[in-house]
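Text of start.txt, listed as compact mmCIF, C-alpha atoms:
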# COMPACT_ATOMS: atom_id res chain seq x y z
CA MET A 1 75.68 -21.29 17.54
CA ALA A 2 73.72 -21.62 14.29
CA GLY A 3 70.12 -22.62 14.98
CA ARG A 4 70.63 -22.83 18.73
CA ALA A 5 67.58 -21.56 20.63
CA VAL A 6 68.81 -19.01 23.18
CA LEU A 7 66.38 -17.40 25.61
CA VAL A 8 67.55 -14.11 27.12
CA THR A 9 65.83 -12.78 30.22
CA GLY A 10 65.99 -9.02 30.58
CA MET A 11 66.84 -8.41 26.93
CA SER A 12 65.64 -4.80 27.18
CA GLY A 13 68.45 -3.97 29.61
CA LEU A 14 71.85 -2.55 28.69
CA ILE A 15 73.69 -5.87 28.47
CA GLY A 16 70.67 -7.61 26.96
CA ARG A 17 70.57 -5.11 24.11
CA ALA A 18 74.30 -5.45 23.50
CA LEU A 19 74.06 -9.25 23.58
CA ARG A 20 71.24 -9.17 21.05
CA LYS A 21 73.48 -7.29 18.63
CA GLN A 22 76.23 -9.85 19.16
CA LEU A 23 74.08 -12.95 18.62
CA GLU A 24 71.35 -11.79 16.27
CA GLY A 25 71.37 -13.70 12.99
CA ARG A 26 73.60 -16.40 14.46
CA ALA A 27 71.25 -17.94 17.02
CA ASP A 28 67.51 -18.47 17.38
CA LEU A 29 67.08 -15.61 19.84
CA ARG A 30 64.08 -15.33 22.13
CA ALA A 31 63.27 -12.94 24.95
CA LEU A 32 61.63 -13.25 28.35
CA ASN A 33 60.82 -9.72 29.39
CA ARG A 34 58.23 -7.72 31.28
CA GLY A 35 57.97 -5.27 28.39
CA ALA A 36 57.86 -5.92 24.67
CA VAL A 37 61.07 -6.45 22.71
CA GLU A 38 60.51 -5.54 19.09
CA GLY A 39 61.86 -7.83 16.40
CA VAL A 40 62.43 -10.86 18.65
CA PRO A 41 59.91 -13.49 19.80
CA CYS A 42 59.14 -12.22 23.28
CA HIS A 43 57.25 -13.89 26.11
CA ARG A 44 56.08 -11.17 28.49
CA ALA A 45 55.93 -12.16 32.14
CA ASP A 46 57.35 -11.40 35.58
CA ILE A 47 60.20 -13.80 36.49
CA ALA A 48 58.81 -13.97 40.03
CA ASP A 49 55.80 -15.90 38.61
CA LEU A 50 57.03 -19.42 37.79
CA GLU A 51 53.93 -20.65 35.97
CA ALA A 52 53.72 -17.45 33.94
CA ILE A 53 57.29 -17.69 32.65
CA ALA A 54 57.32 -21.46 32.03
CA PRO A 55 56.11 -21.35 28.38
CA ALA A 56 59.10 -19.21 27.40
CA PHE A 57 61.44 -22.14 28.07
CA ASP A 58 59.84 -24.65 25.69
CA GLY A 59 62.27 -25.80 23.02
CA VAL A 60 65.12 -23.69 24.42
CA ASP A 61 68.70 -24.96 24.44
CA THR A 62 70.37 -22.24 26.53
CA VAL A 63 69.09 -19.52 28.86
CA VAL A 64 71.07 -16.34 29.48
CA HIS A 65 69.62 -15.00 32.71
CA LEU A 66 70.23 -11.25 32.87
CA ALA A 67 66.99 -10.06 34.49
CA ALA A 68 67.51 -8.67 38.00
CA ASP A 69 67.20 -5.52 40.03
CA ALA A 70 70.56 -3.82 39.53
CA THR A 71 69.24 -0.27 39.61
CA SER A 72 71.64 0.75 42.37
CA PRO A 73 74.47 -0.77 44.47
CA ASN A 74 71.90 -1.64 47.12
CA PRO A 75 68.30 -1.96 45.85
CA PRO A 76 65.51 -2.30 48.43
CA TRP A 77 65.13 -5.76 49.93
CA ASP A 78 61.61 -6.32 48.62
CA SER A 79 62.85 -5.85 45.07
CA ILE A 80 65.91 -8.05 45.63
CA LEU A 81 63.71 -10.81 47.04
CA HIS A 82 61.21 -10.52 44.19
CA ASN A 83 63.62 -10.29 41.27
CA ASN A 84 67.00 -11.67 42.31
CA VAL A 85 66.03 -14.42 44.75
CA THR A 86 62.58 -15.70 43.76
CA GLY A 87 63.09 -14.76 40.11
CA THR A 88 66.42 -16.58 39.84
CA TYR A 89 65.00 -19.71 41.48
CA ASN A 90 62.12 -19.64 39.00
CA VAL A 91 64.46 -19.37 36.02
CA TYR A 92 66.50 -22.38 37.13
CA GLU A 93 63.37 -24.37 37.92
CA ALA A 94 61.65 -23.52 34.64
CA ALA A 95 64.85 -24.47 32.81
CA ARG A 96 64.96 -27.81 34.62
CA ARG A 97 61.34 -28.60 33.83
CA ALA A 98 61.81 -27.75 30.15
CA LYS A 99 65.03 -29.82 29.93
CA VAL A 100 67.13 -26.81 28.98
CA LYS A 101 70.80 -27.80 28.68
CA ARG A 102 72.49 -24.69 30.11
CA VAL A 103 71.85 -21.54 32.10
CA VAL A 104 74.34 -18.70 31.89
CA PHE A 105 73.74 -16.73 35.07
CA ALA A 106 74.58 -13.03 35.20
CA SER A 107 76.29 -12.85 38.56
CA SER A 108 78.29 -9.85 39.68
CA GLY A 109 81.61 -8.67 41.01
CA ALA A 110 79.48 -7.54 43.95
CA THR A 111 79.88 -11.11 45.25
CA VAL A 112 83.43 -10.19 46.29
CA SER A 113 83.56 -6.37 46.28
CA GLY A 114 83.36 -6.20 50.08
CA ILE A 115 87.12 -6.75 49.96
CA GLU A 116 87.43 -3.20 48.67
CA LYS A 117 87.25 -2.09 52.30
CA ASP A 118 90.73 -3.55 52.84
CA LYS A 119 94.11 -2.48 51.51
CA PRO A 120 95.46 -2.69 48.86
CA TYR A 121 92.03 -3.02 47.21
CA SER A 122 90.73 0.15 48.86
CA ASP A 123 93.62 2.04 47.28
CA LEU A 124 93.04 0.46 43.88
CA VAL A 125 89.38 1.49 43.72
CA ALA A 126 90.15 4.96 45.10
CA GLY A 127 92.72 5.55 42.36
CA SER A 128 95.52 5.85 44.96
CA TYR A 129 98.21 3.95 43.07
CA GLU A 130 101.39 5.29 44.64
CA GLY A 131 103.61 2.39 45.72
CA LEU A 132 101.31 -0.24 44.22
CA THR A 133 103.22 -2.68 42.02
CA SER A 134 101.41 -5.96 42.67
CA TRP A 135 98.53 -7.34 44.74
CA PRO A 136 96.80 -10.68 45.34
CA MET A 137 94.27 -11.37 42.60
CA LEU A 138 90.84 -12.68 43.50
CA THR A 139 89.92 -15.86 41.63
CA HIS A 140 86.77 -17.93 41.26
CA LEU A 141 88.05 -19.95 44.23
CA SER A 142 88.44 -16.97 46.57
CA PRO A 143 85.93 -16.68 49.43
CA VAL A 144 82.88 -14.59 48.61
CA ARG A 145 82.58 -11.25 50.33
CA PRO A 146 79.47 -9.42 49.15
CA ALA A 147 79.34 -5.70 49.76
CA ALA A 148 75.56 -5.40 50.14
CA LEU A 149 72.36 -7.44 49.84
CA TYR A 150 72.54 -7.19 46.05
CA GLY A 151 75.85 -9.06 46.17
CA VAL A 152 74.36 -11.56 48.62
CA SER A 153 71.57 -12.26 46.13
CA LYS A 154 74.15 -13.01 43.45
CA VAL A 155 75.96 -15.41 45.79
CA TRP A 156 72.56 -17.10 46.21
CA GLY A 157 72.21 -17.41 42.46
CA GLU A 158 75.66 -18.98 42.13
CA ALA A 159 75.02 -21.44 44.97
CA LEU A 160 71.60 -22.34 43.57
CA GLY A 161 73.21 -22.94 40.19
CA ARG A 162 75.72 -25.27 41.80
CA GLN A 163 72.87 -27.25 43.35
CA TYR A 164 70.97 -27.50 40.07
CA ALA A 165 74.14 -28.60 38.29
CA ASP A 166 74.81 -31.31 40.88
CA VAL A 167 71.28 -32.59 41.41
CA HIS A 168 69.61 -31.97 38.06
CA GLU A 169 72.60 -32.13 35.68
CA LEU A 170 71.89 -28.67 34.33
CA SER A 171 75.01 -26.95 33.02
CA VAL A 172 75.38 -23.63 34.85
CA ILE A 173 77.98 -20.98 34.09
CA CYS A 174 78.14 -17.91 36.32
CA VAL A 175 79.63 -14.67 35.00
CA ARG A 176 80.67 -12.15 37.65
CA ILE A 177 80.08 -9.06 35.56
CA GLY A 178 82.11 -5.93 36.23
CA ARG A 179 80.93 -2.33 35.89
CA VAL A 180 79.22 -1.84 32.53
CA HIS A 181 78.06 1.63 31.50
CA THR A 182 75.78 3.04 28.84
CA GLU A 183 78.65 5.38 27.94
CA ASP A 184 80.88 2.31 27.47
CA LYS A 185 83.85 3.83 29.26
CA PRO A 186 85.10 4.21 32.85
CA MET A 187 83.11 6.83 34.73
CA SER A 188 84.87 6.90 38.14
CA PRO A 189 88.25 6.10 39.74
CA ARG A 190 86.87 2.71 40.82
CA ASP A 191 86.01 1.84 37.23
CA PHE A 192 89.70 1.71 36.33
CA SER A 193 89.76 -1.42 38.47
CA VAL A 194 86.40 -3.09 37.74
CA TRP A 195 85.12 -1.70 34.41
CA CYS A 196 84.00 -4.02 31.62
CA SER A 197 83.25 -2.83 28.11
CA GLN A 198 80.04 -3.89 26.42
CA ARG A 199 82.07 -5.64 23.74
CA ASP A 200 84.07 -7.66 26.27
CA ILE A 201 81.06 -8.79 28.32
CA VAL A 202 78.97 -9.94 25.37
CA ARG A 203 81.94 -11.84 23.93
CA LEU A 204 82.38 -13.57 27.29
CA ILE A 205 78.69 -14.49 27.48
CA GLU A 206 78.88 -15.78 23.91
CA ARG A 207 81.80 -18.04 24.87
CA CYS A 208 79.74 -19.34 27.79
CA VAL A 209 76.84 -20.17 25.48
CA GLU A 210 79.18 -21.98 23.09
CA ALA A 211 81.19 -23.86 25.75
CA PRO A 212 81.22 -27.67 25.55
CA GLU A 213 78.36 -29.50 27.25
CA THR A 214 80.96 -31.16 29.49
CA LEU A 215 81.39 -27.85 31.32
CA ARG A 216 78.95 -28.62 34.11
CA TYR A 217 79.55 -25.66 36.43
CA ASP A 218 81.98 -22.78 36.64
CA ILE A 219 82.42 -19.16 37.66
CA PHE A 220 84.21 -16.49 35.63
CA PHE A 221 85.03 -12.86 36.33
CA GLY A 222 84.17 -10.50 33.51
CA THR A 223 86.12 -7.25 33.34
CA SER A 224 88.16 -5.58 30.66
CA ARG A 225 91.99 -5.65 30.70
CA ASN A 226 92.35 -3.08 33.45
CA LYS A 227 95.82 -2.17 34.68
CA TRP A 228 94.51 -1.77 38.22
CA GLY A 229 92.15 -4.73 38.21
CA TYR A 230 92.09 -7.26 41.04
CA ARG A 231 89.78 -9.90 39.54
CA ASP A 232 91.37 -12.88 37.80
CA LEU A 233 91.00 -13.15 34.02
CA GLU A 234 93.29 -16.14 33.56
CA HIS A 235 90.57 -18.66 34.39
CA PRO A 236 88.17 -17.66 31.58
CA ARG A 237 91.13 -17.53 29.19
CA ALA A 238 92.20 -21.05 30.12
CA VAL A 239 88.71 -22.61 30.11
CA LEU A 240 86.84 -20.61 27.47
CA GLY A 241 89.61 -19.12 25.36
CA TRP A 242 88.22 -15.65 26.14
CA GLU A 243 90.42 -12.62 26.58
CA PRO A 244 89.15 -9.06 26.93
CA VAL A 245 90.24 -6.67 24.21
CA ASP A 246 89.40 -3.33 25.83
CA VAL A 247 91.47 -1.50 28.45
CA ALA A 248 90.20 1.04 30.96
CA GLU A 249 93.46 3.00 30.81
CA ASP A 250 92.80 3.77 27.14
CA HIS A 251 90.09 6.18 28.33
CA ARG A 252 92.30 8.37 30.54

Just dump the structure as structure tokens.
Amino acid sequence: MAGRAVLVTGMSGLIGRALRKQLEGRADLRALNRGAVEGVPCHRADIADLEAIAPAFDGVDTVVHLAADATSPNPPWDSILHNNVTGTYNVYEAARRAKVKRVVFASSGATVSGIEKDKPYSDLVAGSYEGLTSWPMLTHLSPVRPAALYGVSKVWGEALGRQYADVHELSVICVRIGRVHTEDKPMSPRDFSVWCSQRDIVRLIERCVEAPETLRYDIFFGTSRNKWGYRDLEHPRAVLGWEPVDVAEDHR
């Protein structure tokens, strides 16, 4: 990590701020943000403007792409198109042009959360645990099932990353981030299934940044060690050596 130039889009957001604390002093951190980020070299531009963001990628080894509209479970389409679709394409393309080695893409559990309409997942997220002893875990190989257009936009980002990895030999690692809160604890019955602590998510992103260059493309779920979770955590353990340390049940 020492000396590695890491560009973080959306550093002013919740996860971006937590990641800065995790990596600061250990990597050459830079920000691509619409607003200023004090104390870090920051290129200010809108990710929907490819030519405007391009200079931020010069001399960068790894991009952590966090910027998106995640203001609600279902942001308006115009914003999704602007930020999550066009913006994500621009980040990949700017990375390719600048010969960046890796993009860590902040995907979302929303790529599969449509399954929460079906049992036993509907019971898990409702906190109705009676009779539940085991259930099929969703893995990175499970079919996508986005719950809303926000989730669809994250499926787009994963598929686009696959294409850039195959055609342009850009290493792309997608992290399907669970529910992260400012309060850093579960805030609803559903969170006891899908919550991720700030500490766990930034440690996972860090492992993605540090992963060997031979890791060309992969997808990992990022949640804490939740008793009622349905998203597989074995894959990131096996590939990255990452295991979450926080547990939603500790906050009951």

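Every protein or nucleic acid residue with an atom no more than 12 Å from Thr86 (chain A), counting only C-alpha atoms and leaving out same-chain residues fewer than 2 positions away, appears here: Asp46, Ile47, Ala48, Asp49, Leu50, Ala67, Ala68, Asp69, Trp77, Asp78, Ser79, Ile80, Leu81, His82, Asn83, Asn84, Thr88, Tyr89, Asn90, Val91, Tyr92, Glu93, Ser153, Lys154, Trp156, Gly157 and Leu160 of chain A.
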
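Proximity of A:Ala94, A:Ala70, A:Val40, A:Ala31 to Tyr164 (chain A), computed with all atoms listed in the file, is greatest for A:Ala94.
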
With 10 Å as the cut-off and all atoms listed in the file counted, what is the closest atom pair between each nearby residue of region 84-151 of chain A and region 199-210 of chain A? Distances in Å to one decimal, ordered by chain and number, as a Markdown table.
| residue | atom | partner | partner_atom | distance |
| --- | --- | --- | --- | --- |
| A:Arg102 | CA | A:Val209 | CA | 7.8 |
| A:Val103 | CA | A:Val209 | CA | 8.4 |
| A:Val104 | CA | A:Cys208 | CA | 6.8 |
| A:Phe105 | CA | A:Ile205 | CA | 9.3 |
| A:Ala106 | CA | A:Ile205 | CA | 8.9 |

When you look at region 127-140 of chain A with a cut-off of 10 Å (counting all atoms listed in the file), what residues show up, excluding the ones that are within fewer than 5 positions of it in the same chain? I need them as a VMD selection string. chain A and resid 112 115 119 to 122 174 176 188 to 193 218 to 221 228 to 236

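The protein and nucleic acid residues lying at most 8 Å from Ser113 (chain A) are Gly109, Arg145, Pro146 and Ala147 of chain A, with all atoms listed in the file considered and sequence neighbours fewer than 4 positions away removed.
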
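Using only C-alpha atoms, the smallest distance between any of A:Arg20, A:Lys185, A:Arg216, A:Arg179 and Asp166 (chain A) comes from A:Arg216.
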
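Across A:Leu215, A:Val63, A:Leu29, A:Ala248, the tightest approach to Ser197 (chain A) is made by A:Ala248 when counting all atoms listed in the file.
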
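Distances to Leu149 (chain A) were evaluated for A:Ala56, A:Leu170, A:Val125, A:Val85 using all atoms listed in the file, and the minimum falls at A:Val85.
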
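Between CA of Ser171 (chain A) and CA of Gly114 (chain A) lies a distance of 28.1 Å.
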
Nearest residue to Ser224 (chain A) from the set A:Val64, A:Cys196, A:Val152, A:Val6 (distances using all atoms listed in the file): A:Cys196

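Separating CA of Arg17 (chain A) from CA of Gln198 (chain A) is a distance of 9.8 Å.
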